Each structure stands twice: as C-alpha cells, then as structure tokens.
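Have a look at start36.txt below; it lists compact mmCIF, C-alpha atoms.
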# COMPACT_ATOMS: atom_id res chain seq x y z
CA MET A 25 126.94 84.96 140.92
CA ASN A 26 127.05 87.12 137.80
CA ASN A 27 128.86 84.37 135.85
CA ILE A 28 125.86 81.97 136.01
CA SER A 29 124.08 81.79 132.67
CA LYS A 30 120.56 80.70 131.83
CA LEU A 31 119.90 77.52 129.87
CA ASP A 32 117.50 78.27 127.04
CA VAL A 33 115.34 75.74 125.22
CA VAL A 34 115.00 77.06 121.70
CA PRO A 35 112.11 76.18 119.36
CA THR A 36 113.71 73.63 117.05
CA ARG A 37 111.99 74.99 113.96
CA SER A 38 113.65 78.35 114.56
CA VAL A 39 117.06 76.66 114.52
CA PHE A 40 116.64 74.43 111.47
CA LYS A 41 114.92 75.58 108.33
CA TYR A 42 115.00 72.27 106.45
CA GLU A 43 114.56 68.78 107.87
CA ALA A 44 116.81 66.90 105.45
CA LEU A 45 119.47 69.54 104.84
CA ASP A 46 119.76 70.94 108.35
CA PHE A 47 118.06 68.80 110.99
CA SER A 48 119.31 65.42 109.72
CA VAL A 49 122.85 66.73 109.42
CA TRP A 50 122.74 68.12 112.96
CA LEU A 51 121.36 64.82 114.26
CA GLU A 52 124.10 62.91 112.44
CA ASP A 53 126.74 65.11 114.07
CA ASN A 54 125.21 64.40 117.49
CA ILE A 55 124.51 60.68 117.04
CA ASP A 56 126.76 59.85 120.02
CA ALA A 57 124.59 61.96 122.31
CA LEU A 58 121.46 60.22 121.04
CA GLY A 59 122.98 56.78 121.51
CA GLU A 60 124.14 57.61 125.02
CA ARG A 61 120.63 58.64 126.07
CA ILE A 62 119.10 55.33 124.96
CA GLY A 63 121.97 53.02 125.85
CA LEU A 64 123.26 52.23 122.35
CA GLU A 65 126.56 52.94 120.61
CA LEU A 66 125.50 54.22 117.21
CA THR A 67 127.55 54.73 114.07
CA VAL A 68 126.04 56.45 111.04
CA LEU A 69 126.73 54.44 107.88
CA GLU A 70 124.74 56.57 105.48
CA ARG A 71 122.48 59.61 105.52
CA GLU A 72 119.52 59.84 103.17
CA LYS A 73 119.80 56.15 102.26
CA LEU A 74 117.59 55.15 99.36
CA VAL A 75 114.91 52.56 100.12
CA GLY A 76 113.06 52.16 96.86
CA SER A 77 111.82 55.66 96.03
CA PHE A 78 112.04 56.74 99.70
CA LYS A 79 114.96 58.10 101.67
CA LEU A 80 115.84 56.97 105.18
CA ASP A 81 117.20 59.83 107.28
CA LEU A 82 120.00 57.92 109.04
CA PHE A 83 121.13 54.37 108.35
CA CYS A 84 123.18 53.20 111.35
CA GLU A 85 124.57 50.22 113.15
CA ASP A 86 124.95 49.55 116.87
CA GLN A 87 127.94 48.27 118.86
CA ASN A 88 127.12 44.69 117.83
CA GLY A 89 126.96 45.47 114.12
CA ASN A 90 123.16 45.29 113.98
CA THR A 91 121.25 47.55 111.61
CA VAL A 92 119.54 50.53 113.24
CA ILE A 93 117.29 52.99 111.42
CA VAL A 94 116.69 56.54 112.57
CA GLU A 95 113.76 58.54 111.25
CA ASN A 96 113.76 62.16 112.37
CA GLN A 97 111.00 64.71 112.17
CA LEU A 98 111.24 68.43 112.59
CA GLU A 99 107.51 68.83 113.08
CA ARG A 100 104.85 67.13 115.19
CA THR A 101 104.71 63.36 114.63
CA ASP A 102 102.38 62.16 111.88
CA HIS A 103 101.16 58.96 110.23
CA ASP A 104 103.45 59.48 107.24
CA HIS A 105 106.62 59.19 109.32
CA LEU A 106 105.23 56.26 111.32
CA GLY A 107 104.60 54.44 108.05
CA LYS A 108 108.09 55.28 106.81
CA LEU A 109 109.63 53.99 110.03
CA LEU A 110 108.02 50.58 109.59
CA THR A 111 108.69 50.51 105.84
CA TYR A 112 112.41 51.14 106.29
CA MET A 113 112.64 48.67 109.14
CA VAL A 114 111.13 45.85 107.10
CA ASN A 115 112.93 46.56 103.84
CA LEU A 116 116.34 46.95 105.46
CA GLY A 117 115.93 44.01 107.82
CA ALA A 118 116.52 46.19 110.89
CA LYS A 119 115.65 45.03 114.39
CA THR A 120 115.95 48.48 115.98
CA ALA A 121 114.10 51.66 114.99
CA ILE A 122 114.47 55.12 116.49
CA TRP A 123 111.93 57.87 115.83
CA VAL A 124 113.23 61.30 116.78
CA ALA A 125 110.78 64.21 116.78
CA THR A 126 110.39 67.67 118.22
CA GLU A 127 106.76 67.19 119.22
CA VAL A 128 105.18 63.82 119.95
CA ARG A 129 101.53 62.87 119.65
CA GLN A 130 100.37 60.53 122.42
CA GLU A 131 98.57 58.38 119.84
CA HIS A 132 101.86 57.66 118.10
CA GLN A 133 103.69 57.04 121.36
CA ARG A 134 101.09 54.41 122.25
CA VAL A 135 101.83 52.68 118.92
CA ILE A 136 105.55 52.52 119.77
CA ASP A 137 104.75 51.20 123.26
CA TRP A 138 102.49 48.55 121.70
CA LEU A 139 105.22 47.50 119.25
CA ASN A 140 107.65 47.03 122.15
CA GLU A 141 105.08 44.93 123.96
CA MET A 142 104.04 42.71 121.09
CA THR A 143 107.15 42.17 118.95
CA SER A 144 109.93 39.67 119.67
CA ASP A 145 112.57 40.32 122.29
CA ASP A 146 115.29 40.97 119.70
CA MET A 147 113.40 43.97 118.30
CA GLY A 148 113.34 47.43 119.82
CA PHE A 149 111.48 50.66 119.13
CA TYR A 150 112.60 54.00 120.55
CA PHE A 151 110.62 57.22 120.63
CA VAL A 152 112.82 60.21 121.45
CA LYS A 153 111.86 63.85 121.82
CA VAL A 154 114.61 66.28 120.79
CA GLU A 155 115.02 69.90 121.76
CA ALA A 156 117.73 72.43 120.96
CA ILE A 157 119.32 74.10 123.95
CA ARG A 158 122.01 76.75 124.39
CA ILE A 159 123.63 78.84 127.08
CA GLY A 160 123.97 82.45 126.10
CA GLU A 161 125.45 82.61 122.60
CA SER A 162 126.92 79.10 122.67
CA PRO A 163 126.34 76.68 119.77
CA TYR A 164 123.10 74.72 119.90
CA ALA A 165 123.27 71.41 121.74
CA PRO A 166 120.76 68.54 121.55
CA LEU A 167 118.59 67.56 124.51
CA PHE A 168 117.25 64.04 123.91
CA THR A 169 114.41 62.75 126.08
CA PRO A 170 113.46 59.07 125.56
CA LEU A 171 109.68 58.66 125.82
CA SER A 172 109.38 55.02 124.80
CA GLN A 173 111.90 52.20 124.65
CA PRO A 174 112.03 48.43 125.17
CA ASP A 175 112.52 47.25 128.75
CA ALA A 176 111.88 44.15 130.89
CA GLN A 177 108.56 45.41 132.23
CA THR A 178 107.28 46.25 128.76
CA ARG A 179 108.31 42.81 127.50
CA ALA A 180 106.59 41.13 130.46
CA ILE A 181 103.36 43.02 129.75
CA GLY A 182 103.55 42.05 126.11
CA ALA A 183 104.21 38.40 126.93
CA GLU A 184 101.16 38.30 129.20
CA LYS A 185 99.00 39.88 126.49
CA LYS A 186 100.17 37.28 123.98
CA VAL A 187 99.35 34.44 126.37
CA LEU A 188 95.93 35.95 127.05
CA ALA A 189 95.22 36.40 123.34
CA GLU A 190 96.23 32.80 122.64
CA ARG A 191 94.03 31.59 125.50
CA HIS A 192 91.05 33.50 124.07
CA VAL A 193 91.50 31.81 120.69
CA VAL A 194 91.78 28.34 122.24
CA ARG A 195 88.74 28.87 124.47
CA LYS A 196 86.62 30.03 121.55
CA GLU A 197 87.56 26.91 119.59
CA PHE A 198 86.75 24.71 122.59
CA TRP A 199 83.28 26.28 122.96
CA THR A 200 82.66 26.05 119.22
CA GLN A 201 83.28 22.31 119.32
CA LEU A 202 81.25 21.81 122.50
CA LEU A 203 78.24 23.60 121.00
CA GLN A 204 78.50 21.45 117.89
CA ARG A 205 78.66 18.26 119.96
CA SER A 206 75.66 19.32 122.07
CA GLU A 207 73.39 19.58 119.04
CA GLY A 208 70.85 16.75 119.09
CA LYS A 209 71.61 15.99 122.75
CA THR A 210 70.16 19.05 124.46
CA ARG A 211 68.66 22.41 123.61
CA LEU A 212 70.16 24.08 126.68
CA ALA A 213 72.87 25.90 124.73
CA GLU A 214 70.78 26.42 121.61
CA ASN A 215 71.47 29.76 119.88
CA ARG A 216 74.49 30.38 122.11
CA SER A 217 77.67 31.74 120.51
CA PRO A 218 81.16 30.57 121.47
CA SER A 219 82.84 32.75 124.07
CA ARG A 220 86.46 33.66 124.69
CA ASP A 221 85.89 33.48 128.47
CA HIS A 222 86.54 30.42 130.61
CA TRP A 223 82.79 29.99 131.06
CA LEU A 224 79.81 29.66 128.74
CA ALA A 225 76.51 30.69 130.33
CA VAL A 226 73.22 28.84 129.82
CA ALA A 227 69.84 30.11 131.07
CA ALA A 228 68.39 28.20 134.02
CA GLY A 229 64.82 29.48 133.84
CA LYS A 230 64.97 32.41 136.29
CA SER A 231 66.58 35.81 135.90
CA GLY A 232 69.84 36.04 137.84
CA ILE A 233 70.39 32.27 137.94
CA ASN A 234 72.47 30.59 135.24
CA TYR A 235 74.21 27.36 134.45
CA ASN A 236 77.79 27.66 133.25
CA TYR A 237 80.07 25.35 131.34
CA LEU A 238 83.64 25.81 132.61
CA ILE A 239 86.96 25.16 130.89
CA LEU A 240 90.12 25.44 132.99
CA LYS A 241 93.87 25.02 132.55
CA ASP A 242 93.71 21.78 134.54
CA GLY A 243 90.18 20.52 133.91
CA GLY A 244 86.60 21.39 133.10
CA GLY A 245 83.30 21.66 134.90
CA ILE A 246 79.82 23.04 135.26
CA ASP A 247 78.11 25.19 137.86
CA LEU A 248 74.89 26.81 138.96
CA TYR A 249 75.61 30.52 139.45
CA ILE A 250 73.31 32.59 141.64
CA ASP A 251 73.35 36.37 141.43
CA VAL A 252 70.02 38.20 141.45
CA LYS A 253 71.87 41.41 142.36
CA ASP A 254 70.90 41.22 146.02
CA TYR A 255 73.11 39.64 148.69
CA GLU A 256 70.33 38.48 151.03
CA ARG A 257 68.23 37.00 148.23
CA ASN A 258 71.24 35.20 146.78
CA LYS A 259 72.01 33.57 150.13
CA ALA A 260 68.35 32.71 150.69
CA ILE A 261 68.19 30.97 147.29
CA PHE A 262 71.39 29.07 148.03
CA ASP A 263 70.15 28.03 151.49
CA ALA A 264 66.81 26.84 150.07
CA LEU A 265 68.64 24.61 147.58
CA TYR A 266 71.21 23.48 150.13
CA ALA A 267 68.43 22.30 152.41
CA ASP A 268 67.70 19.68 149.73
CA LYS A 269 71.40 18.83 149.21
CA ASP A 270 71.22 15.08 149.80
CA ALA A 271 68.32 14.57 147.41
CA ILE A 272 69.90 16.81 144.79
CA GLU A 273 73.20 14.94 144.83
CA ALA A 274 71.42 11.59 144.77
CA GLU A 275 69.47 12.63 141.67
CA PHE A 276 72.55 14.17 140.04
CA GLY A 277 74.55 11.03 140.75
CA GLU A 278 77.64 12.78 142.13
CA GLU A 279 78.66 15.05 144.98
CA LEU A 280 78.63 18.78 144.31
CA ASP A 281 80.78 21.58 145.69
CA TRP A 282 78.42 23.97 147.54
CA ARG A 283 79.94 27.45 147.74
CA ARG A 284 77.82 29.93 149.68
CA LEU A 285 80.58 32.55 149.38
CA ASP A 286 79.64 34.69 152.36
CA ASP A 287 82.29 37.29 151.44
CA ARG A 288 80.71 37.81 148.01
CA ARG A 289 77.30 38.74 146.71
CA SER A 290 76.97 35.65 144.50
CA SER A 291 76.85 31.94 145.38
CA ARG A 292 77.75 28.86 143.34
CA ILE A 293 77.14 25.13 143.19
CA VAL A 294 80.02 23.58 141.27
CA LYS A 295 81.17 20.30 139.78
CA VAL A 296 84.75 20.25 138.46
CA TYR A 297 86.31 17.31 136.65
CA ARG A 298 90.10 16.99 136.67
CA GLY A 299 92.22 14.39 134.96
CA GLN A 300 89.72 14.00 132.11
CA GLY A 301 91.09 16.78 129.90
CA SER A 302 91.73 20.52 130.00
CA LEU A 303 91.99 23.64 127.88
CA TYR A 304 95.40 22.77 126.44
CA GLU A 305 94.85 19.01 126.01
CA GLN A 306 93.09 19.23 122.68
CA GLU A 307 93.40 15.50 122.07
CA LYS A 308 91.04 15.00 125.06
CA TRP A 309 88.53 17.69 124.14
CA ALA A 310 85.89 15.39 122.66
CA THR A 311 85.83 13.17 125.76
CA LEU A 312 85.73 16.15 128.11
CA GLN A 313 83.05 17.94 126.10
CA ASP A 314 80.79 14.88 126.08
CA MET A 315 81.27 14.56 129.84
CA LEU A 316 80.37 18.22 130.42
CA ILE A 317 77.30 18.03 128.18
CA ASP A 318 76.07 14.94 130.01
CA ALA A 319 76.70 16.59 133.38
CA MET A 320 74.90 19.76 132.28
CA ILE A 321 71.85 17.78 131.20
CA ARG A 322 71.74 16.09 134.61
CA LEU A 323 72.32 19.39 136.42
CA ASP A 324 69.43 21.02 134.60
CA LYS A 325 67.15 18.04 135.29
CA VAL A 326 67.90 18.29 139.00
CA PHE A 327 67.72 22.05 139.47
CA ARG A 328 65.26 23.49 136.94
CA LYS A 329 62.19 22.19 138.75
CA ARG A 330 63.53 23.39 142.08
CA ILE A 331 64.44 26.81 140.69
CA LYS A 332 60.91 27.15 139.31
CA ARG A 333 59.45 26.48 142.77
CA LEU A 334 61.66 29.04 144.53
CA SER A 335 59.66 31.64 146.43
CA VAL A 336 62.64 33.86 147.41
Full structure transcribed into structure tokens:
Amino acid sequence: MNNISKLDVVPTRSVFKYEALDFSVWLEDNIDALGERIGLELTVLEREKLVGSFKLDLFCEDQNGNTVIVENQLERTDHDHLGKLLTYMVNLGAKTAIWVATEVRQEHQRVIDWLNEMTSDDMGFYFVKVEAIRIGESPYAPLFTPLSQPDAQTRAIGAEKKVLAERHVVRKEFWTQLLQRSEGKTRLAENRSPSRDHWLAVAAGKSGINYNYLILKDGGGIDLYIDVKDYERNKAIFDALYADKDAIEAEFGEELDWRRLDDRRSSRIVKVYRGQGSLYEQEKWATLQDMLIDAMIRLDKVFRKRIKRLSV
C-alpha cells in the first residue's frame, strides 16, 4: 500500500504566473484534453490571435472545420472576459465559444446557460472550470470540469421560452386592437391596459367578481369569474346565479357553460367561440374582437344587475 500516492489539486495561480505567457500556452498544449471533456476534437490554429486591438487566447477549429474560440482566465470570471468572448465570437464568425476559468461566478454561468437556451441550434457555449492536479512530483495535468454546455434539454427549454415570448407579444397586440375597437361601444374596458396573458379582466361591480375577455389558440371567449377568496361564498354566489340560469341565457341570447368547479375555490360562467378566429389567425382578429365586445356588452347587461342584488 505504500506505493499509492495522493492526488493534489494545486491552486492554479501558484502554477502559472502570467495568463498569456504561461496559462494560455499550457492550455494550448492540453487542448486535446479540453476537447475530450466537452465532446469536441479541437485543433489550435493560432494563439493570441488579433481581433482589432484585442487578442483572442486560442483560435481553434473543430473536427468539422468550424471556427471555435477559446477565452481562458486565470482568475475569477469577470464582465471583461464575458464581453471579450462575445466580441471575438461575432467578429470571427464563430458558432462555438469556450470560456475556461479557474473560478466561476454563478452570475456568469447563468449567462452562458441563457445563451445556450436562446441562441440557434448551430451555436454552442461552453463554460469549463480548470484546475491543475499532480501526483507527487509529477508534471501538472489539467482537470477540466464542464459547468455549462449545449444539450437537448437546454435547447428544449429555450425553444419553449421563445414560443412563450412570441405568444406574449401576439396577445398584447390582440388586446391593444380589441381595446381600440371597443372605444365608443362600451366603457367596460375603459382605462385598461393591454395584457400579455390569455385573459383581459374587466370589473363587474363587486370585489372578487370579474368579467374576462379570453383569447385562445383555437378561439376566443368571455367569462364571469368568481373568486371572493372564500370557497363557500364562491359556490353560494355561483348557485344563486345558476338558479336563474334559464332567464340569464334567454336574456344573453345564447347558452353558457356553467362551471361550478367543486375541486377549486373559484367558479366560472363561460362562453367560448371557436371557428370565428383565434390568437394566430390575425386576418380574423377584427371579426373576432367585434364578436367578443358584443358578447361582453350582453354579458354585463345580464349579470351586473344580478351581481348587485347578491346577498352572499
């Protein structure tokens, strides 16, 4: 057992005095080990490559001949090196960037994760922590630990975020147009601002009870939403209105979808229109918006007086 040696992790700063003269050279000599850890075959084309008045640490290419930039840092990560990484990537037309550092700030790692989520699938950002290790008096060897890199799960998260962001923009535009079209027809949505949600709330005259415009992927609608923050009161309000269901629907002119929702605190009375337009059928927005405004006016006419008389 006496021939078993201890593996020592050595403070990298104690090994390399200068980042450019020592650390970059050492990293260049061990580029195969770095590539193996992140699944790329890397070849160094140039060290200290000029990019304007800046110098890129390692200018590389991968096994497919694509440009790869490597920015290394002997100290704790900082904004300066993050800015350089992006500057080199853009100016050299690289699709892959690798940031190697001895100490990583979580704030910077989150930026790299975000870039992997939000950029196109042909781009990749790697964040790698490097340590110097040795056994006894052996030469120093690199220990690379990938902290961030592109993968299928990250791409899926990013794709979902992009879809959600796009949906928010489209919804806000839909509500902006609906509010404009409602001017002069009703004051129900007066002073309301467009929302990025799939609903736009309108006061119904009693706290905890609202009307909502609804825009969906396959249609649009309106509803009366009941939530006075108390389960029993919500159900009592719903039941009181439901007792007058036939008269309400006769006055409204259409059947309504009565949702008591016994497994939830809230209750809803809904009217959804399908086949008349939807969130992504912008050519049908005007027709759908006019339909929803008309339905909301009728809904308010039917329910406001009844809501005012509620004793629950």
Quote the spacing between atom CA of A:Gly244 and atom CA of A:Leu316 in Å to one decimal place.
-> 7.5 Å
Atom-to-atom span, atom CA of A:Glu278 and atom CA of A:Glu197, Å =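 Atom-to-atom, atom CA of A:Glu278 and atom CA of A:Glu197 are spaced 28.4 Å apart.
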Find the nearest atom pair between each residue of stretch 143-179 of chain A and stretch 129-134 of chain A for residues within 10 Å, count all atoms listed in the file, give distances in Å to one decimal, sort rows by chain and ascending number, and present the table as CSV.
residue,atom,partner,partner_atom,distance
A:Tyr150,CA,A:Gln133,CA,9.4
A:Phe151,CA,A:Gln133,CA,7.0
A:Val152,CA,A:Gln133,CA,9.7
A:Leu171,CA,A:Gln133,CA,7.6
A:Ser172,CA,A:Gln133,CA,6.9
Mind dumping a table of every stretch 145-178 of chain A residue within 10 Å of stretch 105-118 of chain A, with the nearest atom pair and its distance in Å to one decimal, using all atoms listed in the file, sorted by chain and rising number, as CSV?
residue,atom,partner,partner_atom,distance
A:Met147,CA,A:Ala118,CA,8.3
A:Gly148,CA,A:Ala118,CA,9.6
A:Phe149,CA,A:Leu109,CA,9.9
For A:Trp282, the nearest of the candidates A:Lys209, A:Arg298, A:Arg220, A:Lys259, counting only C-alpha atoms |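 Of all the options, A:Lys259 lies closest to A:Trp282.
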Grab the atom CA of A:Val326 to atom CA of A:Leu212 distance for me, in Å with one decimal place.
-> 13.8 Å
Please determine an axis-aligned box that encloses all atoms of stretch 291-300 of chain A listed in the file, with 6 Å added on each side, and express its centre and edge lengths in Å to one decimal as AutoDock Vina command-line options.
--center_x 84.5 --center_y 23.0 --center_z 138.7 --size_x 27.4 --size_y 29.9 --size_z 25.3
Excluding stretch 67-83 of chain A and residues on its chain fewer than 4 positions from it, collect all residues at most 10 Å away from it, counting all atoms listed in the file, and give them as a VMD selection string.
-> chain A and resid 43 to 45 47 to 49 51 to 53 55 to 56 59 87 89 91 to 97 108 to 109 111 to 113 115 to 116 118 122
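Across A:Val128, A:Ile239, A:Ala57, A:Val294, the tightest approach to A:His192 is made by A:Ile239 when counting all atoms listed in the file.
For A:Ala319, the set of protein, DNA and RNA residues having any atom at most 10 Å away, when counting all atoms listed in the file and skipping those fewer than 2 positions along the same chain, is A:Tyr237, A:Gly245, A:Ile246, A:Asp247, A:Phe276, A:Gly277, A:Glu278, A:Lys295, A:Gln313, A:Asp314, A:Met315, A:Leu316, A:Ile317, A:Ile321, A:Arg322, A:Leu323, A:Asp324, A:Lys325.
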Which of these residues is nearest to A:Ile293, using only C-alpha atoms: A:Ile261, A:Ala274, A:Ile136, A:Ala213?
->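 Residue with the minimum atom-to-atom distance to A:Ile293: A:Ile261.
Using only C-alpha atoms, the protein and nucleic acid residues lying no more than 12 Å from A:Glu161, apart from those fewer than 6 places from it along its own chain, are Ser29, Lys30, Leu31, Asp32 and Val34 of chain A.
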Among the residues A:Arg288, A:His222, A:Lys308, A:Arg61, the one that comes closest to A:Pro170 [using all atoms listed in the file] =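 Distance minimum relative to A:Pro170 lands on A:Arg61.
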Between A:Asp263, A:Asp146, A:Asp104, A:Glu305, which has the minimum distance to A:Leu240 (counting only C-alpha atoms)?
->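 Smallest separation from A:Leu240 among the options: A:Glu305.
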Considering all atoms listed in the file, return as a VMD selection string whatever protein or nucleic-acid residues lie within 9 Å of A:Glu214, sequence-local ones (same chain, fewer than 6 positions apart) excluded.
-> chain A and resid 203 206 to 207 226
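Taking all atoms listed in the file, the non-local environment of A:Tyr249 within 9 Å (same-chain residues fewer than 5 positions away omitted) comprises A:Gly232, A:Ile233, A:Asn234, A:Tyr235, A:Asn236, A:Ser290, A:Ser291, A:Arg292, A:Ile293, A:Val294.
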Pick out the closest residue to A:Arg191 from this set: A:His103, A:Arg216, A:Arg158, A:Lys241. Count all atoms listed in the file.
-> A:Lys241
